[in-house]
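Before any comments, here is the structure.
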Amino acid sequence: MKDLFEKIYKDKGPLGKWASQAEGYFVFPKLEGQISNRMKFQGKDVITWSINDYLGLANHPEIRKVDGEAGVAYGSAYPMGARMMSGHTDLHETLQNELAEFVGKEAAYLLNFGYQGMVSTIDALVSKDDIIVYDVDAHACIIDGVRLHMGKRFTYKHNDIVSLEKNLERATKMAEQTGGGILVISEGVFGMRGEQGKLKEIAALKQKYNFRFLVDDAHGFGTQGATGAGTGEEQGVQGDIDVYFATFAKSMAGTGAFIAADKEIIDYLKYNLRSQMFAKSLQMQLVVGARKRLEMLKTMPELKNKLWENTNALQSGLKERGFDIGTTQSCVTPVYLKGSIPEAMALVKDLRENFGVFCSIVVYPVIPKGLILLRLIPTATHTLEDIQITLDAFDAIRARLENGTYQRLSAAVMAAMEE
Ligand SMILES: Cc1ncc(COP(=O)(O)O)c(C=O)c1O
């Protein structure tokens with residue numbers, strides 16, 4: 001019989017196998033200093049484009065003050081126990097009511113983390129007779145929630161309504177046999193490439209098919225819609241979203257998440273959401289901090305305006321210079337370049353070391369072979385100067401990519417590693 005760890009000793013997994021070349025630089029980098037548009041990486045100043053602090057709340061003085069005071073008042077333990085047992089407070093309820101009102105739903109319920117909460121929400125909403133139909137490019141938390149499902153599930157092609165309809169037809173036939181219902185899941189904004197989910201078109205299909213609609217709006221909450229209430233508001237279909245989900249980890253610059261829906265659905269989830277029933281309640285400092293963040297998000301539209309001013313300047317600047325930024329319809333700004341993985345590594349190193357620009361890099365197998373995706377997240381803290389420096393840097397690295405500089409550099413690095 002094999003030792004369980006044998007496979008781990010042999011194979012570190014698709015990302016782990018790159019650890020010796022990548023760790024500390026391309027993965028697990030340590031960004032230092034206060035969270036903002038400018039931070040330090042390995043002792044050098046960099047413009048940071050890889051943090052989802054969309055509204056710039058992370059380091060806002062009022063937020064820092066409230067977080068600090070809440071830490072002093074409550075410590076980091078309070079309340080102890082799960083919500084259902086001993087971890088329930090007035091302030092948890094108040095925050096839920098405020099969130100529900102803001103996103104236009106009857107009720108809301110807090111989740112300790114978006115990832116776990118989404119897994120658990122999907123688990124709680126379906127039984128084995130139900131069928132899930134979800135976008136193939138969905139976030140890992142949706143995929144993992146679907147994995148718990150004991151019944152049938154179908155993926156539809158990314159943001160493809162024809163494919164969704166085909167799968168809804170299949171699901172409808174199947175549901176008629178099993179006696180179950182159908183749950184459709186999309187993201188509000190797809191975080192990797194920035195397209196909005198086709199929420200309006202999906203909602204319109206409710207005229208033809210009987211399903212309930214769950215939307216993960218992690219990137220849309222606070223950034224989309226006239227008031228910042230998210231992608232449902234932006235597309236005018238918030239009322240057709242049966243269960244709305246958002247995390248505090250992005251626009252709210254905190255930790256935690258929530259779901260919002262009709263009161264009867266939230267009442268059910270309160271008693272059936274295993275991630276909250278069997279885990280300690282969201283700590284009070286985070287609840288107090290989230291209330292302050294929500295208040296600022298609601299009352300300071302200038303933050304979202306600045307975010308979009310920066311987003312538009314960055315995206316139009318990239319487009320004017322001939323960069324391919326795909327089909328983004330949000331602040332998420334992908335830049336696609338052609339090159340190998342070693343070239344991508346040399347290019348990112350050049351960007352960081354010589355131009356002081358820090359952004360995330362995505363390569364195969366997440367995107368097709370031969371493509372390099374640099375992902376920029378503008379925030380309200382960026383300045384037009386940051387954008388100008390970044391655009392100039394991108395011009396320079398593209399020229400070097402095209403004239404073979406990174407190919408030569410990466411070949412030299414590979415050779416040195418083999419010695
Ligand atoms: C689309 C999406 N859903 C869920 C999550 C998970 O949220 P959390 O960080 O609160 O666990 C994230 C990212 O962090 C996300 O991008």
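In the structure tokens, chains take letters A, B, ... by order of appearance, with residues numbered from 1 within each chain and ligands from 1 in the order shown.
Near ligand 1, at a distance of at most 8 Å and with only C-alpha atoms and all ligand atoms counted, sit the residues Asn112, Phe113, Gly114, Tyr115, Gln116, Gly117, Met118, Ala138, His139, Ala140, Cys141, Ile142, Glu187, Val189, Phe190, Gly191, Asp216, Asp217, Ala218, His219, Ala246, Thr247, Phe248, Ala249, Lys250, Thr255, Gly256 and Ala257 of chain A.
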Just write the chosen residues, N, CA and C atoms, as a PDB file, in the first residue's frame.
```
ATOM      1  N   ASN A 112     -18.866  34.683   7.148  1.00  0.00           N
ATOM      2  CA  ASN A 112     -17.525  34.995   7.664  1.00  0.00           C
ATOM      3  C   ASN A 112     -16.520  35.277   6.553  1.00  0.00           C
ATOM      4  N   PHE A 113     -16.643  34.518   5.473  1.00  0.00           N
ATOM      5  CA  PHE A 113     -15.794  34.713   4.293  1.00  0.00           C
ATOM      6  C   PHE A 113     -16.666  34.506   3.067  1.00  0.00           C
ATOM      7  N   GLY A 114     -16.353  35.219   2.011  1.00  0.00           N
ATOM      8  CA  GLY A 114     -17.118  35.048   0.787  1.00  0.00           C
ATOM      9  C   GLY A 114     -17.005  33.635   0.250  1.00  0.00           C
ATOM     10  N   TYR A 115     -15.782  33.138   0.209  1.00  0.00           N
ATOM     11  CA  TYR A 115     -15.555  31.827  -0.399  1.00  0.00           C
ATOM     12  C   TYR A 115     -16.388  30.750   0.305  1.00  0.00           C
ATOM     13  N   GLN A 116     -16.192  30.630   1.625  1.00  0.00           N
ATOM     14  CA  GLN A 116     -16.925  29.597   2.369  1.00  0.00           C
ATOM     15  C   GLN A 116     -18.425  29.831   2.310  1.00  0.00           C
ATOM     16  N   GLY A 117     -18.793  31.109   2.397  1.00  0.00           N
ATOM     17  CA  GLY A 117     -20.211  31.443   2.424  1.00  0.00           C
ATOM     18  C   GLY A 117     -20.895  31.049   1.136  1.00  0.00           C
ATOM     19  N   MET A 118     -20.224  31.270   0.014  1.00  0.00           N
ATOM     20  CA  MET A 118     -20.833  30.902  -1.266  1.00  0.00           C
ATOM     21  C   MET A 118     -20.958  29.390  -1.388  1.00  0.00           C
ATOM     22  N   ALA A 138     -17.033  30.375 -13.819  1.00  0.00           N
ATOM     23  CA  ALA A 138     -17.384  30.854 -12.471  1.00  0.00           C
ATOM     24  C   ALA A 138     -16.187  30.745 -11.527  1.00  0.00           C
ATOM     25  N   HIS A 139     -16.208  31.596 -10.516  1.00  0.00           N
ATOM     26  CA  HIS A 139     -15.166  31.623  -9.480  1.00  0.00           C
ATOM     27  C   HIS A 139     -15.108  30.280  -8.739  1.00  0.00           C
ATOM     28  N   ALA A 140     -13.942  29.974  -8.193  1.00  0.00           N
ATOM     29  CA  ALA A 140     -13.727  28.703  -7.484  1.00  0.00           C
ATOM     30  C   ALA A 140     -14.767  28.447  -6.393  1.00  0.00           C
ATOM     31  N   CYS A 141     -15.243  29.506  -5.737  1.00  0.00           N
ATOM     32  CA  CYS A 141     -16.206  29.281  -4.645  1.00  0.00           C
ATOM     33  C   CYS A 141     -17.525  28.745  -5.189  1.00  0.00           C
ATOM     34  N   ILE A 142     -17.871  29.129  -6.416  1.00  0.00           N
ATOM     35  CA  ILE A 142     -19.104  28.607  -7.027  1.00  0.00           C
ATOM     36  C   ILE A 142     -18.861  27.153  -7.446  1.00  0.00           C
ATOM     37  N   GLU A 187     -21.680  35.245 -12.199  1.00  0.00           N
ATOM     38  CA  GLU A 187     -21.048  36.347 -11.473  1.00  0.00           C
ATOM     39  C   GLU A 187     -21.623  37.654 -11.996  1.00  0.00           C
ATOM     40  N   VAL A 189     -19.703  40.547 -12.055  1.00  0.00           N
ATOM     41  CA  VAL A 189     -18.538  40.943 -12.861  1.00  0.00           C
ATOM     42  C   VAL A 189     -17.548  39.797 -12.759  1.00  0.00           C
ATOM     43  N   PHE A 190     -17.083  39.315 -13.900  1.00  0.00           N
ATOM     44  CA  PHE A 190     -16.102  38.224 -13.876  1.00  0.00           C
ATOM     45  C   PHE A 190     -14.725  38.824 -13.596  1.00  0.00           C
ATOM     46  N   GLY A 191     -14.149  38.378 -12.479  1.00  0.00           N
ATOM     47  CA  GLY A 191     -12.986  39.071 -11.930  1.00  0.00           C
ATOM     48  C   GLY A 191     -11.707  38.972 -12.737  1.00  0.00           C
ATOM     49  N   ASP A 216     -23.086  36.098  -7.807  1.00  0.00           N
ATOM     50  CA  ASP A 216     -21.906  36.453  -7.012  1.00  0.00           C
ATOM     51  C   ASP A 216     -21.393  37.786  -7.552  1.00  0.00           C
ATOM     52  N   ASP A 217     -21.598  38.847  -6.770  1.00  0.00           N
ATOM     53  CA  ASP A 217     -21.254  40.189  -7.257  1.00  0.00           C
ATOM     54  C   ASP A 217     -20.040  40.758  -6.507  1.00  0.00           C
ATOM     55  N   ALA A 218     -19.067  39.885  -6.262  1.00  0.00           N
ATOM     56  CA  ALA A 218     -17.876  40.288  -5.495  1.00  0.00           C
ATOM     57  C   ALA A 218     -17.238  41.561  -6.064  1.00  0.00           C
ATOM     58  N   HIS A 219     -17.098  41.620  -7.387  1.00  0.00           N
ATOM     59  CA  HIS A 219     -16.428  42.777  -7.995  1.00  0.00           C
ATOM     60  C   HIS A 219     -17.396  43.897  -8.369  1.00  0.00           C
ATOM     61  N   ALA A 246     -22.338  39.267  -2.041  1.00  0.00           N
ATOM     62  CA  ALA A 246     -21.128  40.092  -2.244  1.00  0.00           C
ATOM     63  C   ALA A 246     -20.185  39.882  -1.064  1.00  0.00           C
ATOM     64  N   THR A 247     -18.906  40.095  -1.316  1.00  0.00           N
ATOM     65  CA  THR A 247     -17.895  39.972  -0.260  1.00  0.00           C
ATOM     66  C   THR A 247     -17.520  41.363   0.245  1.00  0.00           C
ATOM     67  N   PHE A 248     -16.975  41.415   1.463  1.00  0.00           N
ATOM     68  CA  PHE A 248     -16.431  42.680   1.983  1.00  0.00           C
ATOM     69  C   PHE A 248     -14.967  42.837   1.567  1.00  0.00           C
ATOM     70  N   ALA A 249     -14.433  41.833   0.859  1.00  0.00           N
ATOM     71  CA  ALA A 249     -12.988  41.796   0.619  1.00  0.00           C
ATOM     72  C   ALA A 249     -12.519  42.719  -0.504  1.00  0.00           C
ATOM     73  N   LYS A 250     -13.461  43.369  -1.198  1.00  0.00           N
ATOM     74  CA  LYS A 250     -13.034  44.205  -2.331  1.00  0.00           C
ATOM     75  C   LYS A 250     -13.409  45.671  -2.060  1.00  0.00           C
ATOM     76  N   THR A 255     -13.112  42.150   5.730  1.00  0.00           N
ATOM     77  CA  THR A 255     -13.221  40.689   5.676  1.00  0.00           C
ATOM     78  C   THR A 255     -14.650  40.336   6.048  1.00  0.00           C
ATOM     79  N   GLY A 256     -15.195  39.324   5.367  1.00  0.00           N
ATOM     80  CA  GLY A 256     -16.580  38.943   5.591  1.00  0.00           C
ATOM     81  C   GLY A 256     -17.343  39.066   4.284  1.00  0.00           C
ATOM     82  N   ALA A 257     -18.619  38.752   4.306  1.00  0.00           N
ATOM     83  CA  ALA A 257     -19.437  38.787   3.092  1.00  0.00           C
ATOM     84  C   ALA A 257     -20.904  38.729   3.511  1.00  0.00           C
TER      85      ALA A 257
END
```
Next item on the list: From segment 313-416 of chain A, collect each residue whose DSSP state is strand (DSSP E) and return the set as a list in words.
Entry: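 Strand (DSSP E) members of segment 313-416 of chain A, listed: Thr333, Pro334, Val335, Tyr336, Leu337, Lys338, Val357, Phe358, Ser360, Ile361, Val362, Leu371, Ile372, Leu373, Leu374, Arg375 and Leu376 of chain A.
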Just the selected residues (N, CA and C atoms), exported as a PDB file, in the first residue's frame, please.
```pdb
ATOM      1  N   THR A 333      -9.115  45.511 -15.366  1.00  0.00           N
ATOM      2  CA  THR A 333      -8.489  45.882 -16.642  1.00  0.00           C
ATOM      3  C   THR A 333      -7.432  44.853 -17.047  1.00  0.00           C
ATOM      4  N   PRO A 334      -7.823  43.938 -17.936  1.00  0.00           N
ATOM      5  CA  PRO A 334      -6.839  42.959 -18.391  1.00  0.00           C
ATOM      6  C   PRO A 334      -6.079  43.503 -19.597  1.00  0.00           C
ATOM      7  N   VAL A 335      -4.791  43.191 -19.680  1.00  0.00           N
ATOM      8  CA  VAL A 335      -4.012  43.549 -20.879  1.00  0.00           C
ATOM      9  C   VAL A 335      -3.429  42.246 -21.414  1.00  0.00           C
ATOM     10  N   TYR A 336      -3.792  41.925 -22.666  1.00  0.00           N
ATOM     11  CA  TYR A 336      -3.323  40.667 -23.262  1.00  0.00           C
ATOM     12  C   TYR A 336      -2.115  40.930 -24.139  1.00  0.00           C
ATOM     13  N   LEU A 337      -1.065  40.139 -23.918  1.00  0.00           N
ATOM     14  CA  LEU A 337       0.125  40.207 -24.751  1.00  0.00           C
ATOM     15  C   LEU A 337       0.438  38.790 -25.210  1.00  0.00           C
ATOM     16  N   LYS A 338       1.266  38.680 -26.271  1.00  0.00           N
ATOM     17  CA  LYS A 338       1.625  37.342 -26.753  1.00  0.00           C
ATOM     18  C   LYS A 338       3.027  37.005 -26.283  1.00  0.00           C
ATOM     19  N   VAL A 357       6.277  49.270 -11.539  1.00  0.00           N
ATOM     20  CA  VAL A 357       4.857  48.981 -11.746  1.00  0.00           C
ATOM     21  C   VAL A 357       4.588  47.542 -11.307  1.00  0.00           C
ATOM     22  N   PHE A 358       3.689  47.384 -10.349  1.00  0.00           N
ATOM     23  CA  PHE A 358       3.391  46.059  -9.798  1.00  0.00           C
ATOM     24  C   PHE A 358       1.982  45.655 -10.192  1.00  0.00           C
ATOM     25  N   SER A 360      -0.620  41.997 -11.366  1.00  0.00           N
ATOM     26  CA  SER A 360      -0.698  40.539 -11.345  1.00  0.00           C
ATOM     27  C   SER A 360      -0.496  40.010 -12.753  1.00  0.00           C
ATOM     28  N   ILE A 361       0.006  38.800 -12.816  1.00  0.00           N
ATOM     29  CA  ILE A 361       0.251  38.170 -14.108  1.00  0.00           C
ATOM     30  C   ILE A 361      -0.460  36.824 -14.130  1.00  0.00           C
ATOM     31  N   VAL A 362      -1.092  36.540 -15.243  1.00  0.00           N
ATOM     32  CA  VAL A 362      -1.808  35.265 -15.386  1.00  0.00           C
ATOM     33  C   VAL A 362      -1.319  34.605 -16.665  1.00  0.00           C
ATOM     34  N   LEU A 371      -0.384  33.172 -24.429  1.00  0.00           N
ATOM     35  CA  LEU A 371      -0.910  34.492 -24.051  1.00  0.00           C
ATOM     36  C   LEU A 371      -0.389  34.861 -22.657  1.00  0.00           C
ATOM     37  N   ILE A 372      -0.159  36.151 -22.477  1.00  0.00           N
ATOM     38  CA  ILE A 372       0.195  36.669 -21.153  1.00  0.00           C
ATOM     39  C   ILE A 372      -0.912  37.659 -20.791  1.00  0.00           C
ATOM     40  N   LEU A 373      -1.458  37.495 -19.602  1.00  0.00           N
ATOM     41  CA  LEU A 373      -2.485  38.441 -19.157  1.00  0.00           C
ATOM     42  C   LEU A 373      -1.947  39.220 -17.956  1.00  0.00           C
ATOM     43  N   LEU A 374      -1.830  40.524 -18.146  1.00  0.00           N
ATOM     44  CA  LEU A 374      -1.466  41.388 -17.020  1.00  0.00           C
ATOM     45  C   LEU A 374      -2.771  42.015 -16.537  1.00  0.00           C
ATOM     46  N   ARG A 375      -3.028  41.890 -15.247  1.00  0.00           N
ATOM     47  CA  ARG A 375      -4.332  42.332 -14.748  1.00  0.00           C
ATOM     48  C   ARG A 375      -4.151  43.545 -13.847  1.00  0.00           C
ATOM     49  N   LEU A 376      -4.784  44.646 -14.242  1.00  0.00           N
ATOM     50  CA  LEU A 376      -4.656  45.898 -13.490  1.00  0.00           C
ATOM     51  C   LEU A 376      -5.982  46.207 -12.789  1.00  0.00           C
TER      52      LEU A 376
END
```
Near-Leu168 of chain A list (9 Å; only C-alpha atoms; drop same-chain fewer than 6 positions) as a PDB file with C-alpha atoms, in the first residue's frame:
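This went into around07.pdb:
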```
ATOM      1  CA  VAL A 133     -26.833  25.527 -14.305  1.00  0.00           C
ATOM      2  CA  PHE A 154     -24.643  21.684 -16.143  1.00  0.00           C
ATOM      3  CA  ILE A 182     -33.345  24.820 -11.125  1.00  0.00           C
ATOM      4  CA  VAL A 184     -28.811  29.399 -12.279  1.00  0.00           C
ATOM      5  CA  TYR A 209     -38.065  28.836 -17.839  1.00  0.00           C
ATOM      6  CA  ASN A 210     -38.708  28.255 -14.188  1.00  0.00           C
ATOM      7  CA  PHE A 211     -35.496  28.868 -12.248  1.00  0.00           C
TER       8      PHE A 211
END
```
Notebook entry, point to check: Which of these, A:Leu294, A:Ala261, A:Leu15, A:Met174, has the shortest distance to Arg212 of chain A once you count only C-alpha atoms?
Noted result: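 The shortest atom-to-atom distance to Arg212 of chain A comes from A:Ala261.
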Checklist line | Surrounding residues of Ala346 of chain A excluding itself and chain neighbours under 3 positions, 8 Å, only C-alpha atoms, as number ranges by chain | finding: A: 342-343, 349-350, 406, 409-410
Margin query: Need the shell around Ala100 of chain A: protein/DNA/RNA residues with any atom at most 12 Å away, counting only C-alpha atoms. Skip same-chain ones fewer than 2 positions apart. Format as a ChimeraX atom specification?
Written below: /A:93-98,102-110,229,238,243-246,258-263,266,294
Next item on the list: Please identify all polymer residues within 10 Å of His92 of chain A, counting only C-alpha atoms, omitting same-chain residues fewer than 6 positions from it, and present them as a list in words.
Entry: Arg83, Tyr109, Leu110, Ser281, Leu282, Gln283, Met284, Leu286, Val287, Val288 and Arg291 of chain A
Next item on the list: Pick out the closest residue to Ile341 of chain A from this set: A:Glu353, A:Leu297, A:Gly370, A:Ser316. Count only C-alpha atoms.
Entry: A:Gly370
Item checked: Separation of atom CA of Phe394 of chain A from atom CA of Asp45 of chain A, in Å and rounded to one decimal -> 17.4 Å
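Closest approach to Glu295 of chain A among A:Leu4, A:Met252, A:Ala175, A:Leu384 is made by A:Met252 (distances from only C-alpha atoms).
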Notebook entry, point to check: Suppose you want the space between atom CA of Ile161 of chain A and atom CA of Lys198 of chain A; what is it in Å?
Noted result: 7.9 Å
